[in-house]
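entry.tsv, holding TSV, C-alpha atoms:
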chain	number	residue	atom	x	y	z
A	218	MET	CA	13.53	66.89	-26.24
A	219	LEU	CA	10.39	68.99	-26.57
A	220	SER	CA	10.97	70.65	-23.24
A	221	LEU	CA	14.54	71.30	-24.19
A	222	SER	CA	13.49	73.08	-27.35
A	223	LYS	CA	11.03	75.15	-25.40
A	224	ARG	CA	13.68	76.16	-22.89
A	225	GLU	CA	16.01	76.98	-25.67
A	226	LEU	CA	13.43	79.45	-26.90
A	227	ASP	CA	13.18	80.93	-23.41
A	228	GLY	CA	16.82	82.06	-23.61
A	229	GLY	CA	20.03	81.17	-21.81
A	230	SER	CA	22.97	79.27	-23.09
A	231	ALA	CA	22.48	75.94	-24.64
A	232	ASP	CA	24.91	74.48	-22.16
A	233	ASP	CA	23.03	75.91	-19.21
A	234	ARG	CA	19.73	74.70	-20.48
A	235	CYS	CA	21.19	71.42	-21.32
A	236	TRP	CA	22.70	71.01	-17.84
A	237	THR	CA	19.65	72.35	-16.17
A	238	THR	CA	17.43	70.01	-18.10
A	239	VAL	CA	19.73	67.08	-17.76
A	240	TYR	CA	20.14	67.59	-14.06
A	241	ARG	CA	16.65	68.74	-13.22
A	242	LEU	CA	14.83	65.87	-14.79
A	243	PRO	CA	17.01	63.14	-13.36
A	244	SER	CA	17.22	64.86	-9.98
A	245	THR	CA	13.42	64.75	-9.67
A	246	VAL	CA	13.36	61.14	-10.75
A	247	CYS	CA	16.30	60.39	-8.54
A	248	SER	CA	14.66	61.96	-5.52
A	249	PHE	CA	11.61	59.81	-6.11
A	250	VAL	CA	13.77	56.75	-6.58
A	251	ILE	CA	15.80	57.52	-3.47
A	252	LEU	CA	12.63	58.24	-1.51
A	253	ALA	CA	11.07	55.04	-2.76
A	254	ILE	CA	14.17	53.09	-1.82
A	255	LEU	CA	14.27	54.68	1.61
A	256	VAL	CA	10.62	53.91	2.17
A	257	ALA	CA	10.87	50.41	0.82
A	258	SER	CA	14.23	49.46	2.28
A	259	PRO	CA	13.03	48.59	5.78
A	260	ARG	CA	10.30	46.48	4.24
A	261	LEU	CA	12.74	44.80	1.87
A	262	ALA	CA	15.14	44.30	4.71
A	263	GLY	CA	12.32	42.93	6.81
A	264	THR	CA	11.31	40.53	4.07
A	265	ALA	CA	14.87	39.37	3.66
A	266	LEU	CA	15.22	38.87	7.39
A	267	ALA	CA	11.94	37.01	7.58
A	268	GLN	CA	13.03	34.71	4.77
A	269	GLU	CA	16.32	34.09	6.51
A	270	ASP	CA	14.55	33.42	9.83
A	271	GLU	CA	11.98	31.06	8.33
A	272	PRO	CA	13.17	27.58	9.30
A	273	THR	CA	13.58	25.19	6.41
A	274	ASP	CA	11.80	21.87	6.11
A	275	ASP	CA	15.11	20.13	6.78
A	276	GLU	CA	15.53	21.99	10.04
A	277	VAL	CA	11.98	21.15	11.06
A	278	ASN	CA	12.37	17.50	10.07
A	279	ALA	CA	15.67	17.20	11.92
A	280	ILE	CA	13.70	17.69	15.13
A	281	ALA	CA	10.53	15.98	13.92
A	282	LYS	CA	12.29	12.69	13.22
A	283	GLY	CA	13.02	12.37	16.94
A	284	LEU	CA	9.35	12.73	17.86
A	285	TYR	CA	6.35	10.45	17.56
A	286	CYS	CA	2.74	11.59	17.60
A	287	PRO	CA	0.66	9.34	19.90
A	288	VAL	CA	-2.10	9.27	17.29
A	289	CYS	CA	0.09	7.61	14.67
A	290	GLU	CA	2.03	4.98	16.56
A	291	ASN	CA	5.40	3.91	15.20
A	292	VAL	CA	5.45	6.61	12.51
A	293	PRO	CA	8.06	9.32	13.08
A	294	LEU	CA	6.72	12.84	12.93
A	295	ASP	CA	8.86	13.86	9.95
A	296	VAL	CA	7.15	11.35	7.64
A	297	CYS	CA	3.71	11.11	9.24
A	298	PRO	CA	1.06	12.27	6.77
A	299	THR	CA	-1.82	13.00	9.18
A	300	LEU	CA	-3.23	16.46	9.88
A	301	ALA	CA	-2.27	16.18	13.55
A	302	CYS	CA	1.37	15.59	12.65
A	303	LYS	CA	1.31	18.41	10.12
A	304	GLN	CA	0.15	20.72	12.90
A	305	TRP	CA	2.96	19.48	15.12
A	306	ARG	CA	5.53	20.19	12.40
A	307	GLU	CA	4.15	23.70	12.06
A	308	THR	CA	4.52	24.12	15.81
A	309	ILE	CA	8.17	23.07	15.52
A	310	ARG	CA	8.63	25.61	12.72
A	311	GLU	CA	7.10	28.37	14.86
A	312	LYS	CA	9.27	27.52	17.84
A	313	LEU	CA	12.40	27.42	15.68
A	314	ALA	CA	11.51	30.82	14.24
A	315	LEU	CA	11.29	32.09	17.82
A	316	GLY	CA	14.85	30.89	18.34
A	317	TRP	CA	14.07	27.87	20.51
A	318	THR	CA	16.71	25.14	20.73
A	319	GLN	CA	16.01	21.51	19.88
A	320	GLU	CA	16.11	20.56	23.57
A	321	ARG	CA	13.60	23.24	24.47
A	322	ILE	CA	11.25	22.22	21.67
A	323	GLU	CA	11.45	18.56	22.68
A	324	GLN	CA	10.78	19.51	26.30
A	325	TYR	CA	7.75	21.52	25.17
A	326	PHE	CA	6.35	18.46	23.39
A	327	VAL	CA	7.06	16.27	26.42
A	328	ASP	CA	5.27	18.74	28.69
A	329	GLN	CA	2.32	18.87	26.33
A	330	TYR	CA	2.00	15.25	25.32
A	331	GLY	CA	4.15	13.16	27.66
A	332	ASP	CA	7.36	11.18	27.41
A	333	ARG	CA	5.98	8.84	24.83
A	334	VAL	CA	6.42	11.43	22.06
A	335	LEU	CA	10.19	10.97	22.28
A	336	ALA	CA	11.89	8.43	20.05
A	337	THR	CA	14.39	7.84	22.85
A	338	PRO	CA	12.69	7.66	26.24
A	339	PRO	CA	14.40	9.65	29.01
A	340	PRO	CA	16.22	7.40	31.49
A	341	ARG	CA	13.93	7.57	34.52
A	342	GLY	CA	11.39	5.34	36.23
A	343	LEU	CA	10.27	2.32	34.23
A	344	ASN	CA	12.11	3.69	31.20
A	345	TRP	CA	15.29	2.36	32.77
A	346	ALA	CA	14.14	-1.09	31.71
A	347	VAL	CA	14.71	-0.08	28.08
A	348	TYR	CA	18.31	0.78	28.84
A	349	LEU	CA	19.12	-2.02	31.27
A	350	ILE	CA	17.34	-5.11	29.99
A	351	PRO	CA	18.96	-5.39	26.52
A	352	PRO	CA	22.57	-5.11	27.79
A	353	ALA	CA	21.72	-7.40	30.71
A	354	LEU	CA	20.29	-9.99	28.32
A	355	PHE	CA	23.35	-9.60	26.13
A	356	LEU	CA	25.65	-10.21	29.10
A	357	VAL	CA	23.65	-13.24	30.21
A	358	GLY	CA	23.75	-14.59	26.66
A	359	ALA	CA	27.48	-13.99	26.45
A	360	ALA	CA	27.99	-15.75	29.79
A	361	VAL	CA	25.93	-18.73	28.64
A	362	VAL	CA	27.89	-18.98	25.39
A	363	ALA	CA	31.20	-18.64	27.23
A	364	GLY	CA	30.14	-21.33	29.71
A	365	ALA	CA	29.09	-23.64	26.90
A	366	ILE	CA	32.37	-23.14	25.05
A	367	ARG	CA	34.30	-23.82	28.25
A	368	ALA	CA	32.24	-26.95	28.86
A	369	TRP	CA	32.97	-28.21	25.34
A	370	GLN	CA	36.65	-27.55	25.73
A	371	ARG	CA	37.07	-28.96	29.22
A	372	PRO	CA	36.66	-32.67	28.42
A	373	LYS	CA	39.30	-32.48	25.71
A	374	ALA	CA	41.75	-30.70	27.95
A	375	GLU	CA	41.07	-32.79	31.02
A	376	LEU	CA	40.83	-36.15	29.31
A	377	GLY	CA	43.90	-35.38	27.25
A	378	LEU	CA	42.05	-36.20	24.04
A	379	ARG	CA	43.41	-34.94	20.81
A	380	PRO	CA	41.23	-32.20	19.47
A	381	LEU	CA	39.63	-32.68	16.08
A	382	GLY	CA	42.17	-32.11	13.36
A	383	GLY	CA	44.75	-32.20	16.10
A	384	LEU	CA	47.78	-31.46	14.01
A	385	GLY	CA	50.22	-29.59	16.16
A	386	ALA	CA	48.43	-30.62	19.35
A	387	PRO	CA	50.52	-30.70	22.49
A	388	GLN	CA	52.56	-33.81	23.09
A	389	ALA	CA	50.98	-34.32	26.50
A	390	GLN	CA	47.63	-35.00	24.92
A	391	ASP	CA	49.06	-38.02	23.12
A	392	GLU	CA	49.90	-39.61	26.46
A	393	PRO	CA	47.63	-42.43	27.73
A	394	LEU	CA	44.99	-41.63	30.28
A	395	GLN	CA	46.33	-41.57	33.84
A	396	ALA	CA	44.47	-43.53	36.50
A	397	ASP	CA	45.33	-40.91	39.12
A	398	ASP	CA	43.94	-38.07	37.03
A	399	PRO	CA	41.74	-36.08	39.46
A	400	TYR	CA	39.17	-35.46	36.75
A	401	LEU	CA	38.85	-39.14	36.04
A	402	GLN	CA	38.56	-39.83	39.73
A	403	ARG	CA	35.74	-37.31	40.00
A	404	LEU	CA	34.10	-38.80	36.97
A	405	GLU	CA	34.31	-42.26	38.48
A	406	GLU	CA	32.83	-41.00	41.73
A	407	GLU	CA	30.03	-39.29	39.89
A	408	LEU	CA	29.24	-42.39	37.86
A	409	HIS	CA	29.20	-44.51	41.00
A	410	ARG	CA	26.95	-42.03	42.74
A	411	ARG	CA	24.47	-42.11	39.89
A	412	GLY	CA	24.53	-45.86	39.86
B	680	MET	CA	49.58	-28.77	29.96
B	681	ALA	CA	48.85	-31.99	31.78
B	682	GLU	CA	49.40	-30.13	35.02
B	683	ALA	CA	47.09	-27.40	33.91
B	684	ALA	CA	44.46	-30.01	33.17
B	685	GLY	CA	45.02	-31.48	36.58
B	686	THR	CA	44.48	-28.19	38.35
B	687	VAL	CA	41.21	-27.27	36.64
B	688	GLU	CA	39.06	-25.09	38.87
B	689	GLN	CA	36.36	-26.94	40.68
B	690	PRO	CA	32.85	-25.98	39.49
B	691	ARG	CA	30.98	-23.86	41.98
B	692	PRO	CA	27.47	-25.27	41.90
B	693	GLN	CA	26.18	-22.90	44.58
B	694	ILE	CA	27.11	-19.75	42.67
B	695	ARG	CA	26.00	-21.23	39.39
B	696	ARG	CA	22.67	-22.20	40.87
B	697	ARG	CA	22.15	-18.75	42.29
B	698	VAL	CA	23.00	-17.11	38.99
B	699	THR	CA	20.60	-19.44	37.19
B	700	ILE	CA	17.82	-18.64	39.66
B	701	ALA	CA	18.50	-14.90	39.32
B	702	VAL	CA	18.40	-15.07	35.52
B	703	TRP	CA	15.16	-17.03	35.51
B	704	ALA	CA	13.65	-14.67	38.08
B	705	ALA	CA	14.62	-11.70	35.92
B	706	ILE	CA	13.12	-13.32	32.82
B	707	LEU	CA	9.95	-14.18	34.74
B	708	GLY	CA	9.72	-10.61	36.05
B	709	LEU	CA	10.11	-9.24	32.56
B	710	LEU	CA	7.41	-11.56	31.24
B	711	ILE	CA	5.04	-10.53	34.04
B	712	LEU	CA	5.72	-6.88	33.27
B	713	LEU	CA	5.06	-7.44	29.57
B	714	GLY	CA	1.93	-9.41	30.41
B	715	PHE	CA	0.53	-6.60	32.56
B	716	GLY	CA	1.33	-4.11	29.81
B	717	GLN	CA	-0.44	-6.29	27.27
B	718	ILE	CA	-3.49	-6.73	29.51
B	719	ARG	CA	-3.66	-2.99	30.08
B	720	ALA	CA	-3.30	-2.28	26.37
B	721	GLN	CA	-6.16	-4.63	25.55
B	722	GLN	CA	-8.36	-3.49	28.40
B	723	GLY	CA	-10.31	-0.97	26.35
B	724	PRO	CA	-11.83	2.24	27.67
B	725	VAL	CA	-13.10	2.70	31.21
B	726	GLY	CA	-16.41	0.89	31.27
B	727	ILE	CA	-19.91	1.72	32.40
B	728	GLY	CA	-20.35	1.28	36.16
B	729	SER	CA	-16.69	1.73	36.97
B	730	ARG	CA	-15.45	4.69	38.99
B	731	ALA	CA	-14.43	7.56	36.74
B	732	PRO	CA	-10.80	8.64	37.03
B	733	GLU	CA	-10.38	11.97	38.79
B	734	PHE	CA	-8.45	14.67	36.97
B	735	THR	CA	-7.77	18.37	36.84
B	736	LEU	CA	-8.13	20.18	33.55
B	737	SER	CA	-5.98	23.24	32.86
B	738	ALA	CA	-8.41	25.13	30.68
B	739	PHE	CA	-7.31	27.31	27.78
B	740	ASP	CA	-8.54	30.38	29.68
B	741	GLY	CA	-6.10	29.62	32.49
B	742	LYS	CA	-8.63	28.24	34.98
B	743	GLN	CA	-8.19	24.89	36.68
B	744	VAL	CA	-11.21	22.63	36.74
B	745	SER	CA	-11.06	19.56	38.95
B	746	THR	CA	-13.59	16.76	38.86
B	747	ALA	CA	-13.10	16.47	42.64
B	748	ASP	CA	-14.76	19.90	42.93
B	749	LEU	CA	-17.70	18.76	40.82
B	750	LYS	CA	-18.74	15.86	43.04
B	751	GLY	CA	-22.49	15.41	43.19
B	752	GLN	CA	-22.92	16.74	39.67
B	753	VAL	CA	-23.33	14.97	36.38
B	754	ILE	CA	-20.14	15.50	34.37
B	755	VAL	CA	-19.88	15.15	30.62
B	756	VAL	CA	-16.27	14.59	29.59
B	757	ASN	CA	-15.69	14.93	25.87
B	758	PHE	CA	-12.38	14.03	24.24
B	759	TRP	CA	-11.81	15.84	20.97
B	760	ALA	CA	-9.14	17.36	18.72
B	761	SER	CA	-9.08	20.07	16.09
B	762	TRP	CA	-7.66	17.64	13.51
B	763	CYS	CA	-10.51	15.19	14.15
B	764	ARG	CA	-13.19	15.52	11.50
B	765	PRO	CA	-15.80	13.31	13.25
B	766	CYS	CA	-15.47	15.60	16.30
B	767	GLU	CA	-16.95	18.41	14.23
B	768	GLN	CA	-20.14	16.41	13.76
B	769	GLU	CA	-21.03	16.60	17.44
B	770	ALA	CA	-19.43	19.95	18.41
B	771	ARG	CA	-22.60	22.02	18.01
B	772	GLU	CA	-24.81	19.42	19.69
B	773	LEU	CA	-22.57	19.31	22.73
B	774	GLU	CA	-22.64	23.09	23.04
B	775	GLN	CA	-26.44	23.06	22.68
B	776	ALA	CA	-26.69	20.43	25.40
B	777	TYR	CA	-24.39	22.50	27.60
B	778	GLN	CA	-26.63	25.54	27.15
B	779	MET	CA	-29.63	23.40	28.10
B	780	TYR	CA	-28.09	21.90	31.23
B	781	LYS	CA	-25.48	24.35	32.52
B	782	ASP	CA	-27.84	25.71	35.18
B	783	ARG	CA	-29.15	22.28	36.13
B	784	GLY	CA	-26.13	20.79	37.84
B	785	VAL	CA	-24.51	19.30	34.76
B	786	ALA	CA	-20.86	20.14	34.08
B	787	PHE	CA	-19.24	19.82	30.66
B	788	LEU	CA	-15.50	19.41	30.23
B	789	GLY	CA	-13.76	19.30	26.89
B	790	VAL	CA	-10.41	17.50	26.84
B	791	ASP	CA	-8.33	18.43	23.81
B	792	TYR	CA	-6.33	15.35	22.86
B	793	VAL	CA	-2.86	15.62	21.24
B	794	ASP	CA	-3.55	18.96	19.65
B	795	THR	CA	-1.91	22.31	19.01
B	796	GLU	CA	-3.27	25.29	20.90
B	797	ARG	CA	-3.77	27.68	18.00
B	798	GLU	CA	-5.84	25.19	15.99
B	799	ALA	CA	-7.72	24.11	19.12
B	800	LEU	CA	-8.73	27.69	19.92
B	801	ALA	CA	-9.78	28.24	16.31
B	802	TYR	CA	-11.93	25.10	16.53
B	803	LEU	CA	-13.61	26.30	19.74
B	804	ALA	CA	-14.30	29.68	18.17
B	805	ARG	CA	-15.64	28.10	14.98
B	806	PHE	CA	-18.21	26.06	16.88
B	807	SER	CA	-18.84	28.76	19.53
B	808	ILE	CA	-18.03	26.34	22.33
B	809	THR	CA	-18.25	28.00	25.74
B	810	TYR	CA	-17.87	25.19	28.28
B	811	PRO	CA	-14.43	24.65	29.84
B	812	ASN	CA	-11.93	23.13	27.47
B	813	GLY	CA	-8.25	22.47	27.91
B	814	PRO	CA	-5.35	20.43	26.62
B	815	ASP	CA	-4.74	16.91	27.83
B	816	LEU	CA	-1.31	17.75	29.22
B	817	GLY	CA	1.02	14.80	29.02
B	818	THR	CA	-1.97	12.76	27.70
B	819	ARG	CA	-2.60	11.89	31.33
B	820	ILE	CA	-6.38	12.23	31.24
B	821	SER	CA	-6.79	10.20	28.05
B	822	GLN	CA	-4.54	7.50	29.49
B	823	ALA	CA	-6.58	7.41	32.70
B	824	PHE	CA	-9.74	6.90	30.64
B	825	ARG	CA	-7.84	4.57	28.27
B	826	ILE	CA	-9.40	6.18	25.25
B	827	ARG	CA	-8.80	4.59	21.87
B	828	GLY	CA	-9.33	7.70	19.78
B	829	VAL	CA	-11.42	10.82	19.43
B	830	PRO	CA	-14.19	11.69	19.78
B	831	GLU	CA	-15.12	9.79	22.91
B	832	THR	CA	-17.55	11.04	25.55
B	833	TYR	CA	-18.00	9.79	29.11
B	834	VAL	CA	-21.02	10.75	31.18
B	835	ILE	CA	-20.30	10.51	34.89
B	836	GLY	CA	-23.14	10.20	37.34
B	837	THR	CA	-23.56	12.03	40.64
B	838	ASP	CA	-21.97	9.07	42.45
B	839	GLY	CA	-18.77	9.42	40.44
B	840	ARG	CA	-19.39	6.31	38.36
B	841	ILE	CA	-19.57	6.18	34.60
B	842	VAL	CA	-23.14	6.00	33.39
B	843	ALA	CA	-22.74	6.22	29.63
B	844	VAL	CA	-19.93	6.04	27.11
B	845	GLN	CA	-20.12	7.30	23.56
B	846	ILE	CA	-17.38	6.02	21.28
B	847	GLY	CA	-17.40	8.13	18.14
B	848	PRO	CA	-19.51	11.22	17.60
B	849	TYR	CA	-23.03	11.77	18.90
B	850	ASP	CA	-25.36	11.77	15.93
B	851	SER	CA	-27.91	14.14	17.43
B	852	LEU	CA	-28.72	16.44	20.33
B	853	GLU	CA	-31.28	13.88	21.49
B	854	SER	CA	-28.65	11.23	22.02
B	855	VAL	CA	-26.58	13.61	24.16
B	856	VAL	CA	-29.68	14.54	26.16
B	857	ALA	CA	-30.60	10.87	26.58
B	858	HIS	CA	-27.22	10.14	28.21
B	859	ILE	CA	-27.45	13.14	30.51
B	860	GLU	CA	-30.97	12.28	31.54
B	861	MET	CA	-29.88	8.71	32.23
B	862	ALA	CA	-27.12	10.02	34.53
B	863	SER	CA	-29.43	12.53	36.21
B	864	SER	CA	-32.13	10.02	36.97
B	865	ARG	CA	-29.80	7.75	38.95
Go ahead and render the structure in this file as structure tokens.
Amino acid sequence: MLSLSKRELDGGSADDRCWTTVYRLPSTVCSFVILAILVASPRLAGTALAQEDEPTDDEVNAIAKGLYCPVCENVPLDVCPTLACKQWRETIREKLALGWTQERIEQYFVDQYGDRVLATPPPRGLNWAVYLIPPALFLVGAAVVAGAIRAWQRPKAELGLRPLGGLGAPQAQDEPLQADDPYLQRLEEELHRRG
Amino acid sequence: MAEAAGTVEQPRPQIRRRVTIAVWAAILGLLILLGFGQIRAQQGPVGIGSRAPEFTLSAFDGKQVSTADLKGQVIVVNFWASWCRPCEQEARELEQAYQMYKDRGVAFLGVDYVDTEREALAYLARFSITYPNGPDLGTRISQAFRIRGVPETYVIGTDGRIVAVQIGPYDSLESVVAHIEMASSR
């Protein structure tokens, strides 16, 4: 307002002065503001990009939970509190920021520290045992159980005995034992052989 | 039904016996494998008097250092890591010993165990370590020596056999020197 009064004294229409003053002052400020924005914008943009590119803890842990540090056996990397594991997580973060995929990061850790860092060992060499033995044992177990069930059922079927709680059992099972039953003959032979 | 019972398949003892033998053989094989693994796990580090495992170290500076090329020399192999606080206790002493013996046919090799490169290089710079150091890629070297942790140091004599083992940090320069002298005098 003081400058306006001074300009008013200098002459010229009030409107002119007013416009000049109104426009001149803000235009200077505006140029500074615009300049400042132009100067700062790449930095702001850079900061925003950097924040967007910075992998989150969840992203890091998603990979870390599939890795095990050899120093802390049986503790997944995502929950391991040691300094070594913290450094590993930071390495994952750096690699993610560089745009590496999960597979590439895992391969990097395998190259650096060996297969044993993986929660799931790759199927090669002795590692095959991990994949083959459990299903094989399961199959063997299933076969043993199936054989045992068959063995329990066979005498009933072959001897024609009524099963326990045999309501609704086949009529044939109520028939007396037949002397020419091949099973009975085999049984007799076996008993004779064993004395 | 009676007919079905009469035509029950004959048991095949031969096949059943073979299957039984195969299953027991597989179980026995698995137990032997587990037993060997257990024995190996409980074996402890490579002992004094035994032949030192040969290895090639890919140093941080890009050079390859092979123990096969250092035959006839005393070799000090130190396992360490940047995250290992006890390793810091002996870092300066090892470098001092290296400076004392580097021109006297004693080689020093630092094996960086389960570490990250940036922190490892910072560690080497912090303690001004100048002898060859490199990562234990695939933890192959540490597995060959069957180390239990870090720091561990193995002093290999001129005949390629282990002369001294230090589990944990050296407490003084004298103790490092004593091991090297012991290896040199053989």
Exercise for the section: Write out as number ranges by chain which residues come within 10 Å of range 345-358 of chain A when counting all atoms listed in the file, dropping same-chain ones fewer than 3 positions away. Expected result: A: 337-342, 361-364; B: 698-699, 702, 705-706, 709
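CA of Gln329 in chain A is found 13.0 Å from CA of Ile309 in chain A.
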Practice task
Write out as JSON, numbers by chain each polymer residue whose atoms come within 8 Å of range 778-793 of chain B, counting all atoms listed in the file; drop sequence neighbours fewer than 3 positions from it.
Solution key: {"A": [286, 287, 288, 301, 329, 330], "B": [736, 749, 752, 753, 754, 755, 756, 757, 758, 759, 760, 761, 774, 775, 799, 810, 811, 812, 813, 814, 815, 818, 820, 821, 829]}
Write the residues of the preceding selection, restricted to C-alpha atoms, as a short mmCIF file (atom, residue, chain, number, x, y, z; two decimals), in the coordinates of the input.
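As written to disk, result29.cif reads:
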data_model
loop_
_atom_site.label_atom_id
_atom_site.label_comp_id
_atom_site.auth_asym_id
_atom_site.auth_seq_id
_atom_site.Cartn_x
_atom_site.Cartn_y
_atom_site.Cartn_z
CA CYS A 286 2.74 11.59 17.60
CA PRO A 287 0.66 9.34 19.90
CA VAL A 288 -2.10 9.27 17.29
CA ALA A 301 -2.27 16.18 13.55
CA GLN A 329 2.32 18.87 26.33
CA TYR A 330 2.00 15.25 25.32
CA LEU B 736 -8.13 20.18 33.55
CA LEU B 749 -17.70 18.76 40.82
CA GLN B 752 -22.92 16.74 39.67
CA VAL B 753 -23.33 14.97 36.38
CA ILE B 754 -20.14 15.50 34.37
CA VAL B 755 -19.88 15.15 30.62
CA VAL B 756 -16.27 14.59 29.59
CA ASN B 757 -15.69 14.93 25.87
CA PHE B 758 -12.38 14.03 24.24
CA TRP B 759 -11.81 15.84 20.97
CA ALA B 760 -9.14 17.36 18.72
CA SER B 761 -9.08 20.07 16.09
CA GLU B 774 -22.64 23.09 23.04
CA GLN B 775 -26.44 23.06 22.68
CA ALA B 799 -7.72 24.11 19.12
CA TYR B 810 -17.87 25.19 28.28
CA PRO B 811 -14.43 24.65 29.84
CA ASN B 812 -11.93 23.13 27.47
CA GLY B 813 -8.25 22.47 27.91
CA PRO B 814 -5.35 20.43 26.62
CA ASP B 815 -4.74 16.91 27.83
CA THR B 818 -1.97 12.76 27.70
CA ILE B 820 -6.38 12.23 31.24
CA SER B 821 -6.79 10.20 28.05
CA VAL B 829 -11.42 10.82 19.43
#
Considering all atoms listed in the file, extract the chain B residues located within 6 Å of chain A and return them as a short mmCIF file (atom, residue, chain, number, x, y, z; two decimals) with C-alpha atoms, in the frame of the given file.
data_model
loop_
_atom_site.label_atom_id
_atom_site.label_comp_id
_atom_site.auth_asym_id
_atom_site.auth_seq_id
_atom_site.Cartn_x
_atom_site.Cartn_y
_atom_site.Cartn_z
CA ALA B 684 44.46 -30.01 33.17
CA TRP B 762 -7.66 17.64 13.51
CA LEU B 816 -1.31 17.75 29.22
CA GLY B 817 1.02 14.80 29.02
CA THR B 818 -1.97 12.76 27.70
#
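Of note, CA of Val296 in chain A and CA of Asn344 in chain A are spaced 25.3 Å apart.
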Exercise for the section: One decimal, Å: what's the distance from CA of Gln845 in chain B over to CA of Leu713 in chain B, could you say? Expected result: 29.8 Å
